Each structure stands twice: as structure tokens, then as C-alpha cells.
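All remarks here apply to the structure that follows.
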2 protein chains.
Amino acid sequence: MSDAARARDTVSFDASCPIPASRYDAIVLGHGSGGRLSRELLETVFLPALGQGPELAQEDQAVVPLPTSGRLAITTDSFVVSPLVFPGGDIGSLSIHGTVNDLAVGGARPLYITASFILEEGLSTALLRRLVESMRRACDAVPVRLVAGDTKVVDRGKADGVFITTTGVGVVPDGVHLSATLARPGDRVVVSGPLGDHGIAILASRQGIELETALESDSAALHGLARAVLDASTEVRCMRDPTRGGLSSALNEIAAASRVGISLRESDIPLRPEVRGACELLGLDPLYVACEGRLVAIVGADDAGRVLAAMQGHPLGRDAAVIGRVTAERPGIVSLKSVSGGERVVALLSGEQLPRIC
Amino acid sequence: MSDAARARDTVSFDASCPIPASRYDAIVLGHGSGGRLSRELLETVFLPALGQGPELAQEDQAVVPLPTSGRLAITTDSFVVSPLVFPGGDIGSLSIHGTVNDLAVGGARPLYITASFILEEGLSTALLRRLVESMRRACDAVPVRLVAGDTKVVDRGKADGVFITTTGVGVVPDGVHLSATLARPGDRVVVSGPLGDHGIAILASRQGIELETALESDSAALHGLARAVLDASTEVRCMRDPTRGGLSSALNEIAAASRVGISLRESDIPLRPEVRGACELLGLDPLYVACEGRLVAIVGADDAGRVLAAMQGHPLGRDAAVIGRVTAERPGIVSLKSVSGGERVVALLSGEQLPRIC
């Protein structure tokens with residue numbers, strides 16, 4: 001980007017004119033007015049926490065340079081996780097990781113992100129600042145540029161603290177074509193680490209369940225790991241981050257879209273003992289429990305070793321494993337060979353196993 | 001866009017595999033699970049209402065062609081309006097208009113839009129379908145392509161029916177540079193029509209106030225009107241749609257960013273009699289009441305007539321008027337010459353005049 005282009009960039013965070021220091025410990029409806037209090041919230045909470053100057057708030061839209069090649073990737077997600085702060089993360093960092101990951105699994109380099117906040121009247125201003133600082137750190141680590149935002153306030157009892165919606169824009173390099181429709185019989189299924197840490201950490205935190213060890217969410221930005229996988233092989237068919245609905249949903253989607261079967265070996269699936277224990281205790285199937293920092297890749301058989309090594313060489317993929325293969329038999333069906341030798345269908349999750357985990 | 005490029009496009013609406021007809025009249029937590037019920041909601045409500053096939057749901061991100069020139073414009077907004085359906089619109093159409101307008105006032109052509117839904121357990125499925133159909137019609141009318149979406153469900157009492165967050169991506173043509181920093185003394189302020197219809201229509205609808213006539217929201221997509229303005233003059237400094245905080249917030253932002261004064265003449269400001277009447281009755285100042293389909297432009301004096309004619313020649317600008325001028329005196333201050341001859345400062349809105357109007 002040239003300096004001239006940089007100088008013309010604008011960014012956008014919806015509010016109005018300059019006013020100093022917050023007089024409020026908690027959010028009031030006036031913070032959503034578009035008037036003086038909106039401006040105050042922006043100037044005393046959002047801009048300092050984001051490390052931004054007032055120019056972030058001058059226009060109704062961000063204007064940024066076009067990437068010079070490739071295609072645009074666009075994705076959006078709302079985050080309603082409860083509790084707002086949990087072991088290993090919070091709704092702020094999660095809202096950045098989740099959207100960065102939806103770009104990354106498409107092979108896109110994350111460029112820009114927007115964040116829109118729905119605040120409940122009464123939310124602690126200090127907590128909001130903490131969450132926004134957490135978003136900033138998550139953005140800086142990628143890096144991805146937060147270019148636009150919005151804040152609405154709803155009356156007490158009409159939301160649950162704060163909901164955050166992020167939208168990511170990235171660029172898919174020429175030559176990269178990943179799709180759930182591209183899995184072929186013989187391909188291998190590679191996962192970057194143990195399943196279910198995020199879902200169980202949230203559940204334990206919400207229900208006050210004491211786990212034997214301090215389990216943390218796996219919430220992390222996967223763009224670097226995804227890049228390492230794509231650098232290691234040109235035979236990557238598609239990637240997914242198994243969030244809501246867990247590994248089961250991700251693989252069922254791929255099996256359906258590619259009209260193939262997918263056969264997993266239970267003994268090969270990495271699982272922390274505390275997640276296994278919590279699942280047994282609570283009657284949960286770890287294949288349905290959400291991760292927020294794991295990558296699943298469908299890869300041509302000849303390249304599975306290379307992709308596995310690439311994952312294991314990355315800090316977020318040390319416990320990666322090949323856990324199954326794509327088959328021509330039983331198209332649309334995901335099945336699991338259990339440790340005891342039996343085989344069962346891993347259907348889509350029915351009902352709601354763990355609400356509000358993201 | 002070439003056919004080859006088109007064939008490679010992907011779009012994204014977060015969920016999982018194929019299942020028929022909805023068995024639910026109301027949203028349940030399982031509709032946010034990422035499993036079978038998420039898929040069912042997508043297949044029985046979102047995709048039919050959007051007129052889309054299941055390919056909208058195959059990937060975690062949309063992949064679309066890069067514009068060939070210009071700069072990217074990006075904007076986001078959450079919509080929490082209450083009631084969900086109001087005279088002249090609903091939260092669905094409003095969520096498209098609002099984001100299209102934030103692109104349009106930056107001189108951008110809207111290209112892509114994303115929509116993320118936070119649903120409250122118990123929301124009527126029929127109402128949700130109606131709102132999504134309304135979004136589709138609003139998108140088709142622009143046209144702008146809805147390329148990605150997400151749905152979360154929160155427990156009863158943790159939201160208020162539905163909140164929608166939309167993000168727009170557009171392209172600003174080379175040569176177009178609009179900014180709140182560019183107003184200069186002598187420029188004129190042109191508004192595209194009467195103020196406050198949206199805010200008063202919402203308030204009347206929410207409070208059950210009977211107005212003498214059937215006042216409707218002005219909610220509309222302003223990209224065509226904005227285009228007409230930019231085609232009529234190269235001396236357009238900036239444009240705004242005066243939403244939350246009304247004309248006051250829009251002009252105070254510009255006065256502060258450009259370090260100029262803005263002087264309005266009350267007698268020139270278009271206002272419907274029923275809006276004037278409701279404001280007098282309720283003690284509201286129409287300069288603070290939101291519009292969702294009005295454009296304010298700051299234009300070089302020599303071109304003000306041309307811009308006014310361009311607005312008046314467009315269906316959404318028939319009642320356009322020149323309402324004031326930019327001054328070197330009192331930088332940062334917006335003032336109003338009243339009908340009775342006095343002059344007063346139009347400060348930023350303090351507190352919350354009309355909560356949840358967008």
C-alpha cells in the first residue's frame with residue numbers, strides 16, 4: 001500500500017463529536033443515542049481500548065485499498081457466549097478468533113474486520129473495556145485491521161450483557177480453491193489437536209463443575225496453521241474449524257457436499273483425559289463438542305504425512321493426528337470405528353447439546 | 001464477471017446437512033446448535049425466504065470476485081428496533097437499507113452484504129420468515145448480493161425477538177473522495193426530504209399514539225439518490241444519512257471534523273405537519289429525530305442548485321431543500337435561525353431521546 005493510499009484510508013466507528021472521560025460505571029440507554037453519550041462511550045472506552053485515535057469515528061464507512069490479486073472472502077458470525085469471560089478467553093477474543101478462522105479455513109488471508117456491539121443497559125463499563133482490549137490484542141496478533149464498528153444499547157432484560165457480531169474480509173490467493181465439495185475417496189482426515197476443550201471449558205465454567213485440571217478453551221486464530229497446511233500440500237481439498245456441532249457437523253457437511261463417506265477411528269482421535277472424563281460424567285459425545293481453535297483438513301492420501309508434519313511443526317498443531325479417511329461407500333454418512341471394534345454412524349447433532357458456547 | 005469466476009464463487013450461511021420442512025412454529029435453542037435443527041431452520045426458513053439454494057450453506061465463508069478498480073468500502077450496523085414490524089418497514093428491510101446507506105453516503109456502490117441473526121427462543125418462525133423475505137426484497141431492489149450469514153439462538157428473556165447485524169462491502173470508484181473533513185465555508189447544506197418520519201413512526205407505533213394521518217417510516221435505500229447527487233456535481237464534500245441523533249448528530253460530526261460552523265434556517269427545513277405536531281405534543285426536537293431514508297449533502301455553493309435539482313428529480317428526493325450553509329465563524333458549532341428570528345445552538349443530543357429506533 002502506498003503512503004498516498006494509506007493517507008486516503010478512512011475507518012468508521014459509528015458515533016459523534018469529541019468529549020472527555022466517562023462518567024458512567026455502567027451502560028445506559030443514552031450510550032446508544034447517536035448523541036453525546038455515544039460519543040463519550042466511543043472516546044472513553046472503545047477508542048482507548050482499541051488504541052485508535054478519533055479518526056476511526058469520522059465516517060459512516062471504512063474505505064481501504066483493494067487487494068491487488070485473488071478473490072475476496074467474506075464471513076460473519078454473532079457471538080452470544082455465556083459466560084462472557086471463561087478460562088482461556090472471553091467473548092472479545094472469541095469474536096475475533098471465530099471470524100478469522102472462518103476466513104482461514106477458506107484459504108484466505110484475513111485483512112479487515114468489523115465489530116458490532118449490542119449492549120444491555122447496566123453492563124459494566126469496566127468489563128466492556130476489558131472485552132474490547134481483548135479484541136484488540138487478538139486483532140494485533142493476527143494481524144487483522146478492525147476498520148468499522150457500531151454500538152447499540154437495549155433496555156435491561158432485553159439482551160444478556162453484550163453480544164458481538166464480527167465480519168471478516170480477506171483475500172484468497174489465486175490458485176487456492178478449497179471447498180466442502182472436493183473430498184474424494186482415499187483422502188485422509190487430519191485434525192490439528194484434541195477435540196472439545198472449548199465446549200467443556202465453557203460448560204464447566206457455566207455450571208460451576210470442578211474439573212481435575214484447569215481446562216482452558218482452545219480459542220485461537222488459525223490463519224497461521226492454515227497457511228502452514230496450504231504451504232505443505234497442493235492436495236488440500238477443504239478445511240474446517242469444528243465449532244458448534246463439533247467434529248460431527250464439520251464432517252457431515254463435507255460428506256454431504258462431496259457425496260462421500262467418511263470413516264473415523266476412535267482410537268486415533270486426540271482427546272484430553274479431562275474432556276473425556278467430563279463427557280462421560282455428563283453423557284456428552286466429544287464428537288459434538290465445540291472447538292474454537294482446531295483445524296480439520298481433508299487431504300489427498302499421498303500428502304497426509306506432509307500435512308500432519310506441517311501441523312505438528314506449528315504451535316497450534318503439536319497434537320495433530322490423522323483420524324480417518326474418505327470412502328466411496330455410504331455417501332453422506334460419517335461413521336466411527338470404536339475402540340471396542342464396533343462401528344456406528346456419527347449423525348448430525350439432534351437438539352441442543354451445549355447452548356451458547358460461542 | 002466471467003462465467004469461470006462466477007462458477008468459482010461460493011457463498012456461506014452457517015449450518016449443516018439437508019433435511020425437509022420445519023416442524024417448529026417457534027424458535028428453540030436447538031435451532032442454534034449447528035446440528036440438525038440449525039440445518040432445518042436454514043432449509044425451511046432462510047434459504048426459501050432468500051430464494052437461495054443449499055449452496056449458500058456449503059462453506060464457512062463467501063468467496064467472490066475482487067472489484068477491478070476503486071477502493072473497498074466496509075460498514076457494519078446492528079439493528080435492535082422495537083417493534084420488529086412498523087408502518088413503512090420492518091427490522092429486515094431496515095437492516096438492509098441502513099447498511100446500504102452507510103455505503104452510499106461514502107460514494108460506494110454496494111456489492112455484498114452479510115446478515116447475522118440473534119434469535120430469542122420462542123420467536124415465531126412465521127415472523128422470522130416474513131422478516132427474511134423483507135430483507136430479500138430490499139436486497140433485490142438495490143441490487144446487493146447477500147453472500148454470508150449466521151444464526152445464533154439465546155434463551156427466552158435474553159434477547160428481544162430478533163437482532164440483526166448486517167455488514168456491507170462496496171466499491172468507491174476512483175476519483176470519488178468524500179469526507180466529513182472536507183466541508184468549507186460557503187458550502188451549502190442540502191437535505192433530500194422531510195426529517196424525522198422514521199423516528200416518529202416508530203415512536204407512534206410503540207406507544208400506540210394515534211397520529212392524524214398514517215405516517216410511515218422513510219426507510220429506503222439511498223444508493224440511487226447518492227449516485228444522482230455525485231453525477232450532478234464534483235463539488236460534493238460529504239454525505240450523511242441522518243439516523244440516530246438525527247440531523248443534529250450528522251451536522252455536528254461534520255462541523256467538528258471540518259472545523260467549520262454550520263448555520264441552518266428553520267423555515268427551510270422540510271418537516272411533515274404530522275411530525276411537527278407529534279414533536280410539539282411530545283416535547284421532541286425534530287432535529288434530533290432519526291430518518292432512515294434521507295440524505296444530507298454538503299456541496300460547494302456553485303453546485304447547490306444542480307444537486308438540489310438532481311435530488312428533486314429522484315423519487316426519494318422530491319421534497320429536497322437547501323437548508324443552510326457552512327461558515328468560517330464558530331467552528332464546530334451548528335446553529336439554527338428560528339422562524340421567529342432568534343438563533344440557537346443545535347448541540348449534540350444529550351441523553352436518549354428515542355431508544356431503539358434502529
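Identifiers in the C-alpha cells: chain A, B, ... in order shown; residue index from 1 per chain; ligand index from 1 in order shown.
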- Query: Which residues of chain A are close to chain B, meaning at most 7 Å apart when you count only C-alpha atoms, and how do they look as number ranges by chain?
  - Reply: A: 16-17, 29-30, 33-37, 58-66, 71-78, 102-103, 106, 114, 116, 148-150, 152, 154, 157-160, 165, 167, 179-180, 244-245, 249, 252-253, 256-257, 348-352, 355-356
- Per DSSP on the backbone, filter segment 37-275 of chain B down to the residues in strand (DSSP E or B) and report them as a ChimeraX atom specification. /B:62-65,71-79,85-86,89-90,109-120,124,145-154,162-172,188-191,236-240,261-265
- Message: List as a list in words the protein and nucleic acid residues near Arg306 of chain A, meaning an atom at most 12 Å away when only C-alpha atoms are counted, but skip any in the same chain fewer than 6 places from it.
- Response: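 The filter keeps Arg188, Val190, Ala228, Val229, Leu230, Asp231, Ala232, Ser233, Thr234, Glu235, Val236, Val299, Gly300, Gln312, Gly313, Ala320, Ala321 and Val322 of chain A.
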Those same residues - N, CA and C atoms - I'd like them written as a tab-separated table (two decimals), in the first residue's frame.
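Here's the written file part_31.tsv:
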```tsv
chain	number	residue	atom	x	y	z
A	188	ARG	N	-7.46	-38.36	3.31
A	188	ARG	CA	-7.34	-38.54	4.75
A	188	ARG	C	-7.94	-37.35	5.50
A	190	VAL	N	-7.37	-35.06	8.72
A	190	VAL	CA	-6.33	-34.69	9.68
A	190	VAL	C	-6.89	-33.63	10.61
A	228	ALA	N	0.26	-22.85	7.01
A	228	ALA	CA	1.28	-23.90	7.04
A	228	ALA	C	0.78	-25.15	6.32
A	229	VAL	N	-0.51	-25.48	6.51
A	229	VAL	CA	-1.10	-26.65	5.83
A	229	VAL	C	-1.09	-26.43	4.32
A	230	LEU	N	-1.50	-25.25	3.88
A	230	LEU	CA	-1.58	-24.98	2.44
A	230	LEU	C	-0.18	-24.89	1.82
A	231	ASP	N	0.80	-24.44	2.59
A	231	ASP	CA	2.17	-24.40	2.08
A	231	ASP	C	2.75	-25.81	1.94
A	232	ALA	N	2.24	-26.75	2.76
A	232	ALA	CA	2.80	-28.10	2.77
A	232	ALA	C	2.24	-28.97	1.65
A	233	SER	N	1.09	-28.61	1.10
A	233	SER	CA	0.44	-29.51	0.15
A	233	SER	C	-0.47	-28.76	-0.82
A	234	THR	N	-0.47	-29.20	-2.06
A	234	THR	CA	-1.44	-28.67	-3.02
A	234	THR	C	-2.66	-29.59	-3.12
A	235	GLU	N	-2.68	-30.63	-2.28
A	235	GLU	CA	-3.77	-31.61	-2.32
A	235	GLU	C	-4.73	-31.45	-1.15
A	236	VAL	N	-4.81	-30.22	-0.61
A	236	VAL	CA	-5.79	-29.96	0.46
A	236	VAL	C	-7.13	-29.69	-0.22
A	299	VAL	N	-7.34	-34.13	3.03
A	299	VAL	CA	-6.11	-34.03	2.26
A	299	VAL	C	-5.92	-35.30	1.42
A	300	GLY	N	-5.41	-35.16	0.20
A	300	GLY	CA	-5.05	-36.33	-0.61
A	300	GLY	C	-4.14	-37.26	0.17
A	312	GLN	N	2.11	-30.45	13.05
A	312	GLN	CA	2.86	-30.74	14.28
A	312	GLN	C	4.02	-29.77	14.48
A	313	GLY	N	4.47	-29.16	13.39
A	313	GLY	CA	5.54	-28.17	13.48
A	313	GLY	C	5.05	-26.78	13.85
A	320	ALA	N	-1.52	-32.86	16.53
A	320	ALA	CA	-2.29	-33.22	15.33
A	320	ALA	C	-2.27	-34.72	15.10
A	321	ALA	N	-3.28	-35.22	14.42
A	321	ALA	CA	-3.37	-36.65	14.14
A	321	ALA	C	-4.19	-36.89	12.87
A	322	VAL	N	-3.86	-37.98	12.18
A	322	VAL	CA	-4.72	-38.46	11.09
A	322	VAL	C	-5.78	-39.33	11.75
```
- Step one, run DSSP on the backbone; step two, keep only residues of segment 80-254 of chain A assigned to helix (DSSP H, G or I); then write them as JSON, numbers by chain. {"A": [91, 92, 93, 94, 95, 96, 97, 98, 99, 100, 101, 102, 103, 104, 125, 126, 127, 128, 129, 130, 131, 132, 133, 134, 135, 136, 137, 138, 139, 140, 141, 197, 198, 199, 200, 201, 202, 203, 204, 205, 206, 207, 223, 224, 225, 226, 227, 228, 229, 230, 231, 232, 246, 247, 248, 249, 250, 251, 252, 253, 254]}
Those residues you just picked out, can you put them in a file as a PDB file, in the first residue's frame with C-alpha atoms?
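So the final result, stored in result04.pdb, reads:
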```pdb
ATOM      1  CA  ILE A  91     -16.319 -13.061  24.127  1.00  0.00           C
ATOM      2  CA  GLY A  92     -13.976 -10.359  22.782  1.00  0.00           C
ATOM      3  CA  SER A  93     -11.067 -12.596  21.747  1.00  0.00           C
ATOM      4  CA  LEU A  94     -13.502 -15.334  20.674  1.00  0.00           C
ATOM      5  CA  SER A  95     -15.300 -12.917  18.330  1.00  0.00           C
ATOM      6  CA  ILE A  96     -12.016 -12.191  16.551  1.00  0.00           C
ATOM      7  CA  HIS A  97     -10.755 -15.796  16.502  1.00  0.00           C
ATOM      8  CA  GLY A  98     -14.051 -17.191  15.218  1.00  0.00           C
ATOM      9  CA  THR A  99     -14.237 -14.861  12.250  1.00  0.00           C
ATOM     10  CA  VAL A 100     -10.519 -15.046  11.434  1.00  0.00           C
ATOM     11  CA  ASN A 101     -10.887 -18.841  11.459  1.00  0.00           C
ATOM     12  CA  ASP A 102     -13.824 -18.801   9.048  1.00  0.00           C
ATOM     13  CA  LEU A 103     -11.612 -16.848   6.644  1.00  0.00           C
ATOM     14  CA  ALA A 104      -8.569 -19.041   7.297  1.00  0.00           C
ATOM     15  CA  THR A 125     -18.206  -0.196  31.558  1.00  0.00           C
ATOM     16  CA  ALA A 126     -15.006  -1.702  33.001  1.00  0.00           C
ATOM     17  CA  LEU A 127     -15.969  -5.165  31.720  1.00  0.00           C
ATOM     18  CA  LEU A 128     -16.757  -3.727  28.286  1.00  0.00           C
ATOM     19  CA  ARG A 129     -13.337  -2.058  28.206  1.00  0.00           C
ATOM     20  CA  ARG A 130     -11.682  -5.361  29.154  1.00  0.00           C
ATOM     21  CA  LEU A 131     -13.518  -7.208  26.372  1.00  0.00           C
ATOM     22  CA  VAL A 132     -12.608  -4.593  23.759  1.00  0.00           C
ATOM     23  CA  GLU A 133      -8.949  -4.680  24.864  1.00  0.00           C
ATOM     24  CA  SER A 134      -9.058  -8.430  24.432  1.00  0.00           C
ATOM     25  CA  MET A 135     -10.394  -7.950  20.878  1.00  0.00           C
ATOM     26  CA  ARG A 136      -7.581  -5.548  20.146  1.00  0.00           C
ATOM     27  CA  ARG A 137      -4.905  -7.981  21.330  1.00  0.00           C
ATOM     28  CA  ALA A 138      -6.486 -10.731  19.232  1.00  0.00           C
ATOM     29  CA  CYS A 139      -6.525  -8.451  16.152  1.00  0.00           C
ATOM     30  CA  ASP A 140      -2.913  -7.346  16.688  1.00  0.00           C
ATOM     31  CA  ALA A 141      -1.735 -10.942  16.965  1.00  0.00           C
ATOM     32  CA  ASP A 197     -11.665 -28.201  25.016  1.00  0.00           C
ATOM     33  CA  HIS A 198     -13.679 -25.060  24.312  1.00  0.00           C
ATOM     34  CA  GLY A 199     -17.123 -26.547  24.840  1.00  0.00           C
ATOM     35  CA  ILE A 200     -16.189 -28.352  28.051  1.00  0.00           C
ATOM     36  CA  ALA A 201     -14.333 -25.321  29.449  1.00  0.00           C
ATOM     37  CA  ILE A 202     -17.433 -23.167  28.845  1.00  0.00           C
ATOM     38  CA  LEU A 203     -19.772 -25.761  30.289  1.00  0.00           C
ATOM     39  CA  ALA A 204     -17.619 -26.277  33.370  1.00  0.00           C
ATOM     40  CA  SER A 205     -17.340 -22.548  33.882  1.00  0.00           C
ATOM     41  CA  ARG A 206     -21.085 -22.012  33.490  1.00  0.00           C
ATOM     42  CA  GLN A 207     -22.202 -24.907  35.638  1.00  0.00           C
ATOM     43  CA  HIS A 223      -4.694 -18.408   9.974  1.00  0.00           C
ATOM     44  CA  GLY A 224      -1.029 -19.317  10.574  1.00  0.00           C
ATOM     45  CA  LEU A 225      -1.760 -23.016  10.963  1.00  0.00           C
ATOM     46  CA  ALA A 226      -3.995 -22.969   7.877  1.00  0.00           C
ATOM     47  CA  ARG A 227      -1.218 -21.240   5.927  1.00  0.00           C
ATOM     48  CA  ALA A 228       1.277 -23.903   7.044  1.00  0.00           C
ATOM     49  CA  VAL A 229      -1.095 -26.645   5.833  1.00  0.00           C
ATOM     50  CA  LEU A 230      -1.575 -24.982   2.437  1.00  0.00           C
ATOM     51  CA  ASP A 231       2.173 -24.397   2.083  1.00  0.00           C
ATOM     52  CA  ALA A 232       2.799 -28.103   2.769  1.00  0.00           C
ATOM     53  CA  GLY A 246     -18.285 -30.191  16.788  1.00  0.00           C
ATOM     54  CA  LEU A 247     -16.338 -32.521  14.500  1.00  0.00           C
ATOM     55  CA  SER A 248     -19.584 -34.283  13.637  1.00  0.00           C
ATOM     56  CA  SER A 249     -21.163 -31.220  11.983  1.00  0.00           C
ATOM     57  CA  ALA A 250     -17.996 -30.310  10.096  1.00  0.00           C
ATOM     58  CA  LEU A 251     -17.527 -33.802   8.660  1.00  0.00           C
ATOM     59  CA  ASN A 252     -21.230 -34.392   7.967  1.00  0.00           C
ATOM     60  CA  GLU A 253     -21.261 -31.175   5.915  1.00  0.00           C
ATOM     61  CA  ILE A 254     -18.280 -32.343   3.894  1.00  0.00           C
TER      62      ILE A 254
END
```
